[in-house]
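Accompanying notes for the structure given below.
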Amino acid sequence: MAMPEPPFDDLYREVILDHAKKPRNRGRLADRTQHAEGMNPVCGDEIALDLRVAGDRIADIAFEGQGCSISQSSASMLTERLKGTTIDEAARVAASFKAMLIAGATPAPELGDLEALHGVAKFAVRVKCALLCWNVLQEGLEQARRQLARGGT
Amino acid sequence: MAMPEPPFDDLYREVILDHAKKPRNRGRLADRTQHAEGMNPVCGDEIALDLRVAGDRIADIAFEGQGCSISQSSASMLTERLKGTTIDEAARVAASFKAMLIAGATPAPELGDLEALHGVAKFAVRVKCALLCWNVLQEGLEQARRQLARGGT
Amino acid sequence: MKMSTRMALLDVERIREDFPILSQQVNGRPLVYLDNAATTQKPRQVIDALVRYYETSNANIHRGIHTLAVRATEQYEAVRGKAARHIGANNERDIVFTRNATESINLVARAWGDANIGEGDEIVLTLMEHHSNIVPWQLLARRKGAVVRYAGITPGGYLDMDSLREAVGPRTKMVSVVHASNVLGTINPIAEVAEIAHAVGALVLVDGAQSAPHLPLDVTELDCDFFAFSSHKMLGPTGVGVLWAREGLLDTMDPFLGGGEMISLVRPDHSTWADVPHKFEAGTPNIAGVIAFGAALDYLRDIGMSDVRAHEAAITAYAMDALKDVPGLSLHGPTDVRDRGGAVSFAIDGIHPHDVSTIVDGYGVAIRAGHHCAQLLMRCLNVPATSRASFYIYNSQAEVDVLVEALKQAVEVFSRGDARTAV
Amino acid sequence: MKMSTRMALLDVERIREDFPILSQQVNGRPLVYLDNAATTQKPRQVIDALVRYYETSNANIHRGIHTLAVRATEQYEAVRGKAARHIGANNERDIVFTRNATESINLVARAWGDANIGEGDEIVLTLMEHHSNIVPWQLLARRKGAVVRYAGITPGGYLDMDSLREAVGPRTKMVSVVHASNVLGTINPIAEVAEIAHAVGALVLVDGAQSAPHLPLDVTELDCDFFAFSSHKMLGPTGVGVLWAREGLLDTMDPFLGGGEMISLVRPDHSTWADVPHKFEAGTPNIAGVIAFGAALDYLRDIGMSDVRAHEAAITAYAMDALKDVPGLSLHGPTDVRDRGGAVSFAIDGIHPHDVSTIVDGYGVAIRAGHHCAQLLMRCLNVPATSRASFYIYNSQAEVDVLVEALKQAVEVFSRGDARTAV
Ligand SMILES: Cc1ncc(COP(=O)(O)O)c(C=O)c1O
Ligand SMILES: Cc1ncc(COP(=O)(O)O)c(C=O)c1O
């Protein structure tokens with residue numbers, strides 16, 4: 001049977017599949033300063049993030065989790081993009097990413113490779129997969145901010 | 001506005017309305033040997049029957065109750081028809097009456113005036129109104145039979 | 001024919017074209033459907049929504065990734081916002097879909113009641129409640145050793161506010177009141193009730209089964225804590241009810257039914273719950289019914305609830321006046337249409353309501369006769385049953401005239417004592 | 001294309017003409033609907049029954065005297081007998097209409113469970129239960145201080161009868177078991193389960209959500225005490241479930257929800273209940289839904305449940321064979337079609353089920369991916385989720401072929417790592 005080309009150009013981009021198969025920064029940080037986790041009860045996807053924040057900067061970041069290619073590649077690309085950025089920049093990237101997926105905004109330049117995930121916006125039920133790690137990140141950033149406010153690290 | 005004749009010839013027969021307005025044998029029997037009552041929870045109709053059974057015969061019978069013209073006239077005609085009959089004959093009349101209303105049987109001659117109620121069979125929701133007193137009667141006859149079996153009157 | 005003091009506002013002829021059932025004959029005469037407090041008829045827009053759903057979008061919702069599942073989920077969830085807007089609520093998270101108003105009330109009696117009502121606590125109802133707003137509280141009181149108290153009714157058919165004030169006390173935890181009576185028509189002053197209840201820290205549930213279909217509503221103005229209503233009484237399909245709760249209240253409540261959809265994690269010994277409102281919607285819901293209910297809400301919004309109210313008030317005023325022509329007829333409930341909805345109960349001397357209903361049905365007129373699930377109220381009125389005509393957007397004054405003539409025939413039949421010569 | 005060892009019995013082409021939704025295109029390709037364990041599509045006979053009801057007979061039931069009310073009541077009540085016959089029961093009094101299988105089980109957990117389960121009593125389930133047959137019992141156990149125990153599953157996907165025998169003991173009061181698993185397909189030996197349960201005096205509830213649509217049934221042979229199922233999984237509308245109870249059992253049970261329809265007398269302090277089954281149907285039921293469910297039952301009866309079963313067995317055997325062609329695919333559950341229904345779960349190496357579902361949806365194929373409301377079973381299988389194809393009377397072998405080809409494309413996409421060059 002002949003199967004014509006399916007409409008996945010926008011979803012399963014090479015870079016996404018690559019991250020899904022070879023996740024970057026996977027594991028735990030022994031010297032983490034923040035830890036946050038989340039799951040998507042509807043589909044069972046799980047993401048845990050470790051951050052090591054030094055000053056106002058994310059000195060190191062790693063993730064663990066399980067789930068579909070979208071949730072895992074999103075997390076992998078997140079860590080790659082944010083390692084070394086300031087907390088404020090990380091928050092801006094998170095906001096841009098959400099705008100791209102929820103509001104359908106054209107990808108902001110600061111997203112870098114994460115732009116590859118913009119095709120997910122067309123797949124309403126998969127949007128939450130891509131967002132999971134970003135929600136977890138936002139919780140981690142909150143923690144880091146509270147700690148900064150208390151004058152820690 | 002001109003209202004053409006409604007299809008009630010079969011339901012509200014003269015004899016039925018007459019019994020509904022001037023119920024026969026209404027009240028209680030001070031010397032009753034049996035008492036049974038019933039109600040129709042869906043419409044709230046109530047019937048209570050007093051019997052005075054002497055030997056195997058219904059020496060006297062009376063009813064009390066409230067409800068629609070069908071339930072009340074059925075009870076009134078029941079008492080008129082059964083006063084003085086044997087328990088067995090009363091049971092036969094009850095069976096014939098139910099056959100007429102439930103199975104749509106042509107009225108048996110032994111029903112006498114009760115035949116007037118045969119039109120109720122066509123009004124499915126009103127059948128239970130006409131039957132209420134007969135169900136109560138059957139309970140009363142049961143009691144009477146048990147008493148006879150024990151040898152009492 | 002009576003002249004109306006005020007003309008009905010709606011274009012009944014045009015509206016009736018949307019209701020296929022209304023063009024039928026019953027007993028050889030045009031159907032005059034005046035049993036709207038029991039359930040209303042459905043416009044083709046609602047029937048079409050059901051057909052469209054089953055012919056294009058049917059799938060189980062919430063957990064599916066495939067196209068139909070996504071489509072069905074979006075259509076279903078979109079109705080929450082419509083239901084919220086209908087009652088002036090702003091947060092669709094506060095809307096739970098149930099089977100009917102009855103289940104909505106039972107949900108509160110279990111999921112809120114079991115956790116918040118203790119021995120000796122008091123639940124205050126009124127004597128004009130529908131059984132659906134009595135029995136769940138009696139069952140709760142029995143489970144918990146609590147007490148059910150009742151506010152009474154004035155001779156004019158109003159809620160007796162003094163007796164309500166007396167019934168509400170320091171042990172009162174819940175005051176559950178009908179908004180518009182399905183028998184007397186009375187519209188109760190909910191905001192006033194809420195003030196009395198809230199003053200002692202009690203919550204207020206409003207049984208809106210007879211108000212949501214007929215009145216412009218704003219739960220903020222009513223100041224109630226729960227509001228329950230049914231789709232089938234407001235143009236929508238059977239099998240759909242709504243419970244609205246004041247913001248944050250659902251979050252504090254335990255689940256009601258357990259099963260699929262309402263969980264987050266299930267482990268052998270315990271489970272955790274999904275977020276509200278899904279926590280309260282166990283199992284596959286009435287997806288098609290909810291979506292078609294959305295079409296009913298759209299239909300009512302397009303007419304506008306104030307016009308619905310104005311039309312019904314006009315018809316009701318006309319009917320209450322016209323019914324006076326029937327010999328021996330007396331009306332129950334408030335006489336001022338500003339204080340009542342379109343359910344008009346009446347008695348006719350010497351004719352039992354069931355006989356009345358059967359006779360007018362012979363003329364194609366559908367009214368209801370019985371206790372209307374309000375036995376406590378029947379005892380207040382000292383009658384076993386009433387006859388009730390109830391109106392909606394598609395009813396005309398001409399239909400009221402048919403009812404009045406049919407009732408006169410009933411009187412005729414019973415006064416002559418012989419139907420064969422009655423006409 | 002694989003050759004089937006045994007041809008499907010049903011004339012699928014003719015049957016498909018009855019299902020308007022099946023002729024649509026999804027993502028530019030003909031819809032291949034293989035998510036029947038979630039919900040089935042509806043034949044026009046069922047859709048027409050809904051339309052006919054709303055266009056000719058709509059009225060509230062049970063208490064009305066007028067023509068429409070009588071008509072609606074008769075149509076609604078007639079479905080009880082059909083539902084009873086479908087499961088080999090003879091008494092329509094033993095049939096209660098609910099919203100769905102989930103509510104049927106909750107009804108038993110409340111109305112039977114609260115009166116019969118005490119502290120330290122045990123409820124035995126299996127690890128292959130749907131959440132709808134787990135959570136109600138967990139909630140009951142929490143209310144009463146009872147214990148929930150689980151029978152396990154063999155590596156081949158069967159219920160482990162030894163572990164069931166171990167789990168059932170003198171304190172066991174209820175054994176509640178799925179008849180056909182919605183994930184593994186496994187058909188459980190209910191009569192054997194019942195023997196074990198009845199030997200210690202426990203009752204048996206069968207979750208028939210996945211067997212009532214697919215198997216010829218006889219509750220007498222199964223020897224169970226309760227049987228629960230859903231209309232929407234067997235051609236009927238959403239919002240209708242059924243609970244059957246062994247003769248006499250409902251009479252011993254307290255009411256579940258309180259309200260209209262389910263009472264006999266209501267007094268201020270207490271009420272008495274209507275006879276069964278109405279005692280368990282509080283409020284206005286899903287009248288239209290139940291009546292249209294009658295049309296679904298008629299449709300299945302006309303085909304014949306043995307032919308339904310034979311067709312599905314043939315398709316399932318064909319599918320299990322054909323799926324072997326997909327690289328890296330492994331099946332869950334029994335391999336012998338005689339022991340299983342038409343729900344086929346599988347895993348593909350290196351591709352998450354959600355990705356599988358999204359990709360095959362691109363080819364118009366609707367399958368389900370996830371935990372299927374069976375998280376305990378997912379833990380047994382040691383997977384977070386599975387992909388599941390599930391078949392019904394309108395599915396053909398050609399559709400299985402489309403699924404297999406679409407799955408191969410998924411493998412292709414993921415093996416090349418770039419969808420743009422995948423075809
Ligand atoms: C005032 C009132 N409350 C509650 C109900 C119950 O509504 P449902 O049967 O839809 O649950 C009704 C309808 O009969 C009603 O009139
Ligand atoms: C085995 C099983 N039990 C129970 C259910 C629950 O059915 P419903 O959602 O119709 O209540 C399902 C359906 O998902 C099922 O597959």
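Here, A, B, ... name the chains of the structure tokens in the order displayed, residue numbers run from 1 inside each chain, and ligands are numbered from 1 in the same displayed order.
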Counting only C-alpha atoms, which residues of chain A sit at most 10 Å from some atom of chain C, and what is each one's closest atom pair with its distance in Å to one decimal, listed by chain and rising residue number, as a Markdown table?
```
| residue | atom | partner | partner_atom | distance |
| --- | --- | --- | --- | --- |
| A:Met39 | CA | C:Ser264 | CA | 9.6 |
| A:Asn40 | CA | C:Ser264 | CA | 8.6 |
| A:Pro41 | CA | C:Ser264 | CA | 5.2 |
| A:Val42 | CA | C:Arg63 | CA | 6.3 |
| A:Cys43 | CA | C:Arg63 | CA | 7.4 |
| A:Gly44 | CA | C:Leu265 | CA | 9.0 |
| A:Phe123 | CA | C:Ile65 | CA | 9.0 |
| A:Ala124 | CA | C:Val70 | CA | 7.6 |
| A:Val125 | CA | C:Ile65 | CA | 6.1 |
| A:Arg126 | CA | C:Ile65 | CA | 7.8 |
```
Requested in this report: Collect all residues with atoms no farther than 9 Å from ligand 2, counting only C-alpha atoms and all ligand atoms, and output them as a PyMOL selection string.
Outcome: (chain C and resi 60+259-261+282-285) or (chain D and resi 37-39+99-105+128-133+178-183+207-211+228-233+238-241+372-374)
Using all C-alpha atoms paired in order, least-squares fit chain A onto chain B and give me the moved copy as a CSV table (one decimal) with C-alpha atoms, in the first residue's frame.
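So superposed.csv came out as:
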```csv
chain,number,residue,atom,x,y,z
A,1,MET,CA,-64.1,29.4,20.5
A,2,ALA,CA,-65.8,26.3,19.4
A,3,MET,CA,-64.8,23.2,21.2
A,4,PRO,CA,-65.7,20.0,19.4
A,5,GLU,CA,-66.8,17.0,21.4
A,6,PRO,CA,-63.9,15.4,23.2
A,7,PRO,CA,-63.3,11.7,23.2
A,8,PHE,CA,-64.5,11.0,26.7
A,9,ASP,CA,-67.6,8.9,26.0
A,10,ASP,CA,-65.7,5.9,27.0
A,11,LEU,CA,-64.1,7.3,30.1
A,12,TYR,CA,-66.4,9.6,32.0
A,13,ARG,CA,-69.6,7.5,31.7
A,14,GLU,CA,-72.6,8.8,33.6
A,15,VAL,CA,-72.6,5.9,36.1
A,16,ILE,CA,-68.9,6.6,36.9
A,17,LEU,CA,-69.4,10.3,37.6
A,18,ASP,CA,-72.5,9.5,39.6
A,19,HIS,CA,-70.5,7.1,41.8
A,20,ALA,CA,-67.6,9.6,42.1
A,21,LYS,CA,-70.0,12.3,43.3
A,22,LYS,CA,-72.2,10.1,45.4
A,23,PRO,CA,-70.0,7.3,46.6
A,24,ARG,CA,-71.9,4.3,48.0
A,25,ASN,CA,-70.8,2.5,51.2
A,26,ARG,CA,-68.4,5.2,52.2
A,27,GLY,CA,-67.2,5.1,55.8
A,28,ARG,CA,-66.0,2.6,58.3
A,29,LEU,CA,-67.4,-0.6,59.7
A,30,ALA,CA,-67.3,-0.7,63.5
A,31,ASP,CA,-67.6,-4.5,63.3
A,32,ARG,CA,-65.2,-5.1,60.5
A,33,THR,CA,-63.3,-8.3,60.4
A,34,GLN,CA,-60.7,-7.2,57.8
A,35,HIS,CA,-59.1,-3.9,57.0
A,36,ALA,CA,-56.7,-3.2,54.1
A,37,GLU,CA,-55.3,0.0,52.6
A,38,GLY,CA,-53.3,1.1,49.8
A,39,MET,CA,-52.0,4.2,48.0
A,40,ASN,CA,-50.7,5.0,44.6
A,41,PRO,CA,-47.5,7.0,45.4
A,42,VAL,CA,-47.3,8.4,41.9
A,43,CYS,CA,-50.6,10.2,42.1
A,44,GLY,CA,-51.4,10.2,45.8
A,45,ASP,CA,-54.7,8.3,45.5
A,46,GLU,CA,-55.6,6.5,48.7
A,47,ILE,CA,-58.2,3.7,49.4
A,48,ALA,CA,-59.0,1.9,52.7
A,49,LEU,CA,-61.4,-1.0,52.7
A,50,ASP,CA,-63.3,-2.5,55.7
A,51,LEU,CA,-64.8,-5.9,55.3
A,52,ARG,CA,-67.1,-7.8,57.6
A,53,VAL,CA,-66.8,-11.5,56.6
A,54,ALA,CA,-69.2,-13.9,58.0
A,55,GLY,CA,-68.6,-17.5,57.1
A,56,ASP,CA,-67.3,-17.4,53.6
A,57,ARG,CA,-69.4,-14.4,52.7
A,58,ILE,CA,-68.8,-10.6,52.7
A,59,ALA,CA,-71.6,-9.5,54.9
A,60,ASP,CA,-70.7,-5.9,54.8
A,61,ILE,CA,-68.1,-3.7,53.1
A,62,ALA,CA,-67.2,0.0,53.2
A,63,PHE,CA,-64.4,2.2,51.8
A,64,GLU,CA,-62.7,5.5,52.6
A,65,GLY,CA,-60.3,7.3,50.4
A,66,GLN,CA,-59.4,10.3,48.3
A,67,GLY,CA,-58.4,10.7,44.7
A,68,CYS,CA,-59.6,11.1,41.2
A,69,SER,CA,-63.1,10.2,40.0
A,70,ILE,CA,-61.8,6.9,38.5
A,71,SER,CA,-60.3,5.6,41.7
A,72,GLN,CA,-63.2,6.7,43.9
A,73,SER,CA,-66.0,5.5,41.6
A,74,SER,CA,-64.2,2.2,41.1
A,75,ALA,CA,-64.1,1.7,44.9
A,76,SER,CA,-67.8,2.7,45.2
A,77,MET,CA,-68.9,0.3,42.5
A,78,LEU,CA,-66.7,-2.4,44.0
A,79,THR,CA,-68.5,-2.2,47.3
A,80,GLU,CA,-71.9,-2.2,45.7
A,81,ARG,CA,-71.1,-5.2,43.6
A,82,LEU,CA,-69.5,-7.3,46.3
A,83,LYS,CA,-71.7,-6.7,49.3
A,84,GLY,CA,-73.2,-10.1,50.1
A,85,THR,CA,-71.0,-12.2,47.7
A,86,THR,CA,-68.8,-15.0,48.8
A,87,ILE,CA,-65.1,-14.6,49.1
A,88,ASP,CA,-64.6,-16.8,46.1
A,89,GLU,CA,-67.0,-14.8,43.9
A,90,ALA,CA,-65.3,-11.6,45.0
A,91,ALA,CA,-62.0,-13.0,43.9
A,92,ARG,CA,-63.4,-14.0,40.6
A,93,VAL,CA,-64.9,-10.5,40.0
A,94,ALA,CA,-61.6,-9.0,40.9
A,95,ALA,CA,-59.8,-11.2,38.4
A,96,SER,CA,-62.4,-10.4,35.7
A,97,PHE,CA,-62.0,-6.7,36.4
A,98,LYS,CA,-58.2,-6.8,36.1
A,99,ALA,CA,-58.5,-8.8,32.9
A,100,MET,CA,-60.8,-6.2,31.5
A,101,LEU,CA,-58.4,-3.3,32.4
A,102,ILE,CA,-54.9,-4.9,32.0
A,103,ALA,CA,-55.5,-7.4,29.3
A,104,GLY,CA,-58.3,-5.5,27.5
A,105,ALA,CA,-60.6,-8.5,27.8
A,106,THR,CA,-64.3,-7.8,27.0
A,107,PRO,CA,-66.2,-7.2,30.2
A,108,ALA,CA,-67.4,-10.5,31.8
A,109,PRO,CA,-71.1,-10.5,32.6
A,110,GLU,CA,-70.5,-11.0,36.3
A,111,LEU,CA,-69.0,-7.5,36.4
A,112,GLY,CA,-72.4,-5.9,36.2
A,113,ASP,CA,-72.2,-2.1,36.4
A,114,LEU,CA,-68.4,-2.3,36.7
A,115,GLU,CA,-68.5,-2.8,33.0
A,116,ALA,CA,-68.8,1.0,32.8
A,117,LEU,CA,-65.1,1.3,33.7
A,118,HIS,CA,-63.9,-0.7,30.7
A,119,GLY,CA,-63.2,2.5,28.8
A,120,VAL,CA,-60.3,3.2,31.3
A,121,ALA,CA,-58.3,0.5,29.6
A,122,LYS,CA,-57.6,2.9,26.7
A,123,PHE,CA,-56.1,5.5,29.1
A,124,ALA,CA,-52.9,3.7,30.1
A,125,VAL,CA,-52.0,6.1,33.0
A,126,ARG,CA,-55.4,5.9,34.5
A,127,VAL,CA,-55.6,2.2,34.7
A,128,LYS,CA,-53.8,2.1,38.0
A,129,CYS,CA,-56.5,4.5,39.4
A,130,ALA,CA,-59.2,2.0,38.7
A,131,LEU,CA,-57.2,-0.9,40.0
A,132,LEU,CA,-56.1,0.6,43.3
A,133,CYS,CA,-59.2,-0.5,45.3
A,134,TRP,CA,-59.1,-4.0,43.7
A,135,ASN,CA,-55.5,-4.5,44.8
A,136,VAL,CA,-56.6,-3.4,48.3
A,137,LEU,CA,-59.5,-5.8,48.1
A,138,GLN,CA,-57.2,-8.7,47.2
A,139,GLU,CA,-55.2,-8.1,50.3
A,140,GLY,CA,-58.4,-8.0,52.4
A,141,LEU,CA,-59.5,-11.3,50.8
A,142,GLU,CA,-56.2,-12.9,51.6
A,143,GLN,CA,-56.6,-11.9,55.2
A,144,ALA,CA,-60.1,-13.3,55.3
A,145,ARG,CA,-58.9,-16.6,53.7
A,146,ARG,CA,-56.1,-16.9,56.3
A,147,GLN,CA,-58.6,-16.3,59.0
A,148,LEU,CA,-61.0,-18.9,57.6
A,149,ALA,CA,-58.1,-21.4,57.3
A,150,ARG,CA,-57.4,-20.8,61.0
A,151,GLY,CA,-61.1,-21.6,61.6
A,152,GLY,CA,-62.0,-18.1,62.7
A,153,THR,CA,-65.4,-16.3,62.5
```
Query raised in the report: In terms of the shortest atom-to-atom distance over only C-alpha atoms, which of C:Gly201, C:Pro384, C:Gly362, C:Gly81 is closest to chain D?
Result: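 With only C-alpha atoms as the atom set, the closest residue is C:Gly362.
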**Report entry** Residues flagged helix (DSSP H, G or I) by DSSP in segment 342-394 of chain C, as a list in words
**Finding:**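 Listing helix (DSSP H, G or I) positions across segment 342-394 of chain C yields Pro353, His354, Asp355, Val356, Ser357, Thr358, Ile359, Val360, Asp361, Gln375, Leu376, Leu377, Met378, Arg379, Cys380 and Leu381 of chain C.
Taking atom CA of Arg80 of chain D and atom CA of Glu192 of chain D as the two end points, the separation is 28.0 Å.
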Query raised in the report: Could you pull out all residues of segment 239-421 of chain C with a DSSP call of strand (DSSP E) and give them as a ChimeraX atom specification?
Result: /C:241-245,263-266,271-273,329-331,343-348,365-366,368-370,386-390
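Neighbouring residues of Ile303 of chain C at 12 Å or closer, counting only C-alpha atoms and skipping chain neighbours under 6 positions away, are Leu9, Leu10, Asp11, Val12, Arg14, Ile15, His214, Pro216, Ala296, Leu297, Arg309, Ala310, His311, Ile393 and Tyr394 of chain C.
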Query raised in the report: So which one's closest to ligand 1, D:Ser23, D:Ser163, D:Asn286, D:Ser390? Using only C-alpha atoms and all ligand atoms, please.
Result: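 Closest residue, counting only C-alpha atoms and all ligand atoms: D:Asn286.
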Report task. Tell me which of D:Thr386, D:Thr335, D:Asn106, D:Gln75 sits closest to chain C, counting only C-alpha atoms. Result ->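 Looking at the shortest contact to chain C, the residue is D:Asn106.
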Report task. Please identify all polymer residues within 9 Å of Val404 of chain C, counting only C-alpha atoms, omitting same-chain residues fewer than 6 positions from it, and present them as a ChimeraX atom specification. Result -> /C:319,322-326
Query raised in the report: Using only C-alpha atoms and all ligand atoms, which residue out of C:Pro327, C:Gly185, C:Pro155, C:Gly364 lies closest to ligand 1?
Result: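 When distances to ligand 1 are compared using only C-alpha atoms and all ligand atoms, the smallest one comes from C:Gly185.
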Query raised in the report: atom CA of Gly118 of chain D to atom CA of Val200 of chain D: how many Å, to one decimal?
Result: 16.0 Å
**Report entry** Atom pair atom 11 (O, counted along the ligand's line) of ligand 1 / atom CA of Val206 of chain C: separation (Å)
**Finding:**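 Separation between atom 11 (O, counted along the ligand's line) of ligand 1 and atom CA of Val206 of chain C: 13.2 Å.
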Query raised in the report: Restricting the calculation to only C-alpha atoms and all ligand atoms, which member of D:Asp336, D:Asp162, D:Glu281, D:Asp275 is positioned closest to ligand 1?
Result: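 For ligand 1, the nearest of the candidates is D:Glu281.
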Query - Shell of 12 Å around Asp269 of chain D, only C-alpha atoms, local chain residues under 2 positions omitted, as an MDAnalysis selection string - result: (chainID C and resid 123 125 127 134:135 137:142 146:150 376) or (chainID D and resid 265:267 271:272)
Query raised in the report: From the set D:Ala245, D:Ala191, D:Ile196, D:Ile21, which residue has the shortest atom-to-atom contact distance to chain C, counting only C-alpha atoms?
Result: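 Once distances to chain C are computed over only C-alpha atoms, the minimum belongs to D:Ile21.
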